[in-house]
Amino acid sequence: MRLTALLSIALALISTPLCSMAQTSGRFTLQEKQGPNAVGLKVVEQYDYSRTFQPAIDAMGKPSQGERARPLQTLIWYPAKKSDAKPMTFGDYVAFQATETSFDNPKNLTGMEAMFIASMKPVFQQPMWATRDAALASGKFPVIIYAPSFSSVSWENVDLCEYLASYGYVVIAAPGMGVTRESTHDVAGTNAQAQDISFLIGFARTLPDTDLSEVGVVGFSWGGIANLFASARDNRIDALVALDGSMRYFPGVVKDAGDVHPDQMTIPLLYFKGQESLEDEAHLHDRLKSDGPNVLNEWTHGDLVSVQMLGLFHPEFSSKAQRNELLWKYEASGLQEADYDRQDGVIGYAWMARYTREFLDAYLKHNGPALQFLKNKPSDNAVPKHVLAVNFQPAKSMPASFTSLRVEAARQGFDHVADIYAAIQKDQPNFKVDADDVVSWAYDLLADRHFPEAIDVMKLAVQLDPSSRAYSSLGEMYAKAGQKQAAIDNYKTALEKDSNNIIATQGLVEIESGTSEK
């Protein structure tokens, strides 16, 4: 199989509209059951006004008219209340392509785009899961940002996005773009898409059903490397999923970024590998043979789950490409390994979706059975033979430092912070943290209203320095958290150690008078 053929399909066919997929019904459908939630879809046409998108001079050589800021046609899939409303059709998603950068002024699709859309009319009425503008389900849900592949549309993996929303996630996507509408195999283009990811995380804060304490990013192909860049810079991101992501195949771009260091990243990574190894064809592409870090080899300080999809070649990681009949008519025979066929692709895609959900459940919802699912042998999860292979590599501890202590507390849970510190000291007896630094850490958490975490950290500070001041600070944190008896007990201990402790005295007065505030 040739890399040139693979790239041409990944960059051309994947970025085209969807077509039919042959199985019993003659079409691709997701072979996973919908979750407990109905799915809603909202479309927001917005701009990132911090960046310019349209050139100053248009194609006619005249000053550009209208808005020049970066347009982000934003699709939001979310858990919804069940209703009898008519769901979206596949054709409804295809229609978004005409307005993805022009919004209320649909562009005239020509050439290959028009040909592919015309060829898909027979499947336009295929029903999907989402209902447009459905009523929100009650509750707040973790946020997933989906990053499309090279120059692709926001809905290239609509089936995966709807699937995750049905299991309790708010999934947000915008088109895969570089500095302009077309992506580029360089740092500038990757940075542009990474900035889109962070912009969408910020936008998610405006939505009423999002829990911004738990954020994951999922990306296919070039979206996988853009997600890596975003995760290296945006500490709001808690988990990373790459669907045969380009982080593996473009080490030179990772190196050229300058601030993306896989060996220093501590979030968990789920990486799906395609059927073939693009590294075998590195001599065909300058970027592939350039020096740079092997991201998977260097991912040692965050859990790494590697899944080898035995029956999927690169385009099949997109449900849009799975539906593209031209892919199967002209190119698939040169891309598939052994005797795998398109039905194997349907099966493999379903298991990819399942493993993605289990990974997100494990690290964003902190679900123990989901974490065990990732550690199981595929056969223990009822995966058929010859579909995939899994390797779970647990994170290694960072070199001992105050920063690594904080990272491990976030990873293992703040209620384990004292045990984490003890374990680090057992391994590296010379490592010690200053009690004042721990107190400052606790107050930072308190200022952000992370009350349980502030209390856990302050308990470590008391352990390091069981002074009157430390006990009064712990009492203050209990008081802010509304735990009055625990606050009283610690204030009294502080006064036993120093009867002149003004903070403890005042704290008791406020509690007894009912004037203490959270």
# chains A, B, ... in the order shown; residues from 1 in each chain; ligands from 1

$ residues_around --residues "Leu41 in chain A" --least-positions-apart "6" --cutoff "6 Å" --atoms "only C-alpha atoms" --output "short mmCIF file (atom, residue, chain, number, x, y, z; two decimals) with N, CA and C atoms, in the first residue's frame"
data_model
loop_
_atom_site.label_atom_id
_atom_site.label_comp_id
_atom_site.auth_asym_id
_atom_site.auth_seq_id
_atom_site.Cartn_x
_atom_site.Cartn_y
_atom_site.Cartn_z
N ILE A 76 -23.13 21.40 18.27
CA ILE A 76 -23.17 20.96 19.66
C ILE A 76 -24.16 19.81 19.78
N TRP A 77 -23.66 18.64 20.08
CA TRP A 77 -24.51 17.49 20.37
C TRP A 77 -24.62 17.37 21.89
N ALA A 130 -29.86 12.57 16.33
CA ALA A 130 -30.06 13.89 16.94
C ALA A 130 -31.33 14.57 16.44
N THR A 131 -31.94 15.33 17.33
CA THR A 131 -33.08 16.18 17.00
C THR A 131 -32.64 17.63 17.14
N ARG A 132 -32.89 18.44 16.15
CA ARG A 132 -32.45 19.83 16.15
C ARG A 132 -33.13 20.61 17.28
N ASP A 133 -32.32 21.28 18.08
CA ASP A 133 -32.78 22.18 19.15
C ASP A 133 -33.72 21.49 20.15
#

$ closest_residue --among "A:Leu388, A:Ala98, A:Val433, A:Val153" --to "Glu182 in chain A" --atoms "only C-alpha atoms"
A:Val153

$ residues_around --residues "Pro36 in chain A" --least-positions-apart "6" --cutoff "10 Å" --atoms "only C-alpha atoms" --output "list in words"
Pro79, Ala80, Lys82, Ala165, Ser166, Tyr167 and Gly168 of chain A

$ closest_residue --among "A:Thr99, A:Gln31, A:Ser151, A:Gln275" --to "Ser183 in chain A" --atoms "only C-alpha atoms"
A:Ser151

$ residues_around --residues "Ser83 in chain A" --least-positions-apart "2" --cutoff "8 Å" --atoms "only C-alpha atoms" --output "PyMOL selection string"
chain A and resi 81+85+134

$ closest_residue --among "A:Val346, A:Ala410, A:Ala230, A:Ile424" --to "Phe28 in chain A" --atoms "only C-alpha atoms"
A:Val346

$ closest_residue --among "A:Gly40, A:Pro63, A:Gly202, A:Gly178" --to "Arg236 in chain A" --atoms "only C-alpha atoms"
A:Gly202

$ select_by_dssp --residues "range 183-287 of chain A" --states "strand (DSSP E or B)" --output "PyMOL selection string"
chain A and resi 210-220+239-243+269-273

$ write_last_selection --atoms "C-alpha atoms" --output "mmCIF file, in the first residue's frame"
data_model
loop_
_atom_site.group_PDB
_atom_site.id
_atom_site.type_symbol
_atom_site.label_atom_id
_atom_site.label_comp_id
_atom_site.auth_asym_id
_atom_site.auth_seq_id
_atom_site.Cartn_x
_atom_site.Cartn_y
_atom_site.Cartn_z
ATOM 1 C CA THR A 210 -21.716 21.690 30.721
ATOM 2 C CA ASP A 211 -19.355 20.604 33.488
ATOM 3 C CA LEU A 212 -16.088 22.365 32.683
ATOM 4 C CA SER A 213 -14.235 20.494 35.422
ATOM 5 C CA GLU A 214 -14.128 17.493 33.072
ATOM 6 C CA VAL A 215 -12.981 18.167 29.496
ATOM 7 C CA GLY A 216 -11.791 15.698 26.894
ATOM 8 C CA VAL A 217 -10.612 16.146 23.318
ATOM 9 C CA VAL A 218 -11.074 13.666 20.473
ATOM 10 C CA GLY A 219 -9.488 14.096 17.062
ATOM 11 C CA PHE A 220 -9.053 12.146 13.857
ATOM 12 C CA ALA A 239 -8.087 13.452 28.569
ATOM 13 C CA LEU A 240 -6.966 13.008 24.956
ATOM 14 C CA VAL A 241 -8.204 10.585 22.270
ATOM 15 C CA ALA A 242 -6.468 10.291 18.892
ATOM 16 C CA LEU A 243 -8.082 8.339 16.058
ATOM 17 C CA LEU A 269 -4.083 9.277 26.135
ATOM 18 C CA LEU A 270 -6.113 6.778 24.096
ATOM 19 C CA TYR A 271 -4.454 6.205 20.744
ATOM 20 C CA PHE A 272 -6.035 4.132 17.963
ATOM 21 C CA LYS A 273 -3.594 2.854 15.352
#

$ residues_around --residues "Val457 in chain A" --least-positions-apart "2" --cutoff "8 Å" --atoms "only C-alpha atoms" --output "PyMOL selection string"
chain A and resi 414+417-418+438-439+441-442+453-455+459-461

$ write_last_selection --atoms "N, CA and C atoms" --output "mmCIF file, in the first residue's frame"
data_model
loop_
_atom_site.group_PDB
_atom_site.id
_atom_site.type_symbol
_atom_site.label_atom_id
_atom_site.label_comp_id
_atom_site.auth_asym_id
_atom_site.auth_seq_id
_atom_site.Cartn_x
_atom_site.Cartn_y
_atom_site.Cartn_z
ATOM 1 N N PHE A 414 -7.506 14.291 45.438
ATOM 2 C CA PHE A 414 -6.916 15.111 46.495
ATOM 3 C C PHE A 414 -7.042 14.457 47.874
ATOM 4 N N VAL A 417 -3.740 12.945 48.905
ATOM 5 C CA VAL A 417 -2.537 13.762 48.778
ATOM 6 C C VAL A 417 -1.492 13.418 49.839
ATOM 7 N N ALA A 418 -1.922 13.127 51.067
ATOM 8 C CA ALA A 418 -0.951 12.771 52.109
ATOM 9 C C ALA A 418 -0.272 11.445 51.787
ATOM 10 N N VAL A 438 2.533 24.450 50.786
ATOM 11 C CA VAL A 438 1.309 23.653 50.836
ATOM 12 C C VAL A 438 0.127 24.504 51.303
ATOM 13 N N VAL A 439 0.368 25.382 52.280
ATOM 14 C CA VAL A 439 -0.683 26.285 52.752
ATOM 15 C C VAL A 439 -1.147 27.194 51.617
ATOM 16 N N TRP A 441 -0.998 26.617 48.460
ATOM 17 C CA TRP A 441 -1.740 25.760 47.532
ATOM 18 C C TRP A 441 -3.180 25.596 48.017
ATOM 19 N N ALA A 442 -3.344 25.316 49.306
ATOM 20 C CA ALA A 442 -4.682 25.131 49.867
ATOM 21 C C ALA A 442 -5.528 26.395 49.720
ATOM 22 N N GLU A 453 -11.044 19.873 48.125
ATOM 23 C CA GLU A 453 -9.630 19.771 47.774
ATOM 24 C C GLU A 453 -8.773 20.657 48.681
ATOM 25 N N ALA A 454 -9.281 21.873 48.982
ATOM 26 C CA ALA A 454 -8.540 22.775 49.874
ATOM 27 C C ALA A 454 -8.365 22.143 51.253
ATOM 28 N N ILE A 455 -9.406 21.509 51.754
ATOM 29 C CA ILE A 455 -9.330 20.859 53.064
ATOM 30 C C ILE A 455 -8.322 19.719 53.052
ATOM 31 N N LYS A 459 -4.914 19.627 55.291
ATOM 32 C CA LYS A 459 -4.607 18.549 56.238
ATOM 33 C C LYS A 459 -3.148 18.117 56.102
ATOM 34 N N LEU A 460 -2.654 18.085 54.859
ATOM 35 C CA LEU A 460 -1.234 17.771 54.662
ATOM 36 C C LEU A 460 -0.364 18.852 55.285
ATOM 37 N N ALA A 461 -0.767 20.128 55.137
ATOM 38 C CA ALA A 461 0.001 21.216 55.734
ATOM 39 C C ALA A 461 0.059 21.068 57.259
#

$ atom_distance --atom1 "CA of Arg323 in chain A" --atom2 "CA of Tyr163 in chain A"
17.0 Å

$ closest_residue --among "A:Ala173, A:Ile347, A:Met458, A:Ala487" --to "Val44 in chain A" --atoms "only C-alpha atoms"
A:Ala173

$ closest_residue --among "A:Phe199, A:Trp299, A:Phe250, A:Tyr443" --to "Asp263 in chain A" --atoms "only C-alpha atoms"
A:Trp299

$ residues_around --residues "Phe53 in chain A" --least-positions-apart "4" --cutoff "6 Å" --atoms "only C-alpha atoms" --output "PyMOL selection string"
chain A and resi 68-70

$ select_by_dssp --residues "range 288-405 of chain A" --states "helix (DSSP H, G or I)" --output "MDAnalysis selection string"
chainID A and resid 288:289 295:298 314:317 319:322 325:335 342:364 368:375 378:381 402:405

$ atom_distance --atom1 "CA of Asp159 in chain A" --atom2 "CA of Leu360 in chain A"
16.3 Å

$ atom_distance --atom1 "CA of Thr505 in chain A" --atom2 "CA of Ala486 in chain A"
14.9 Å
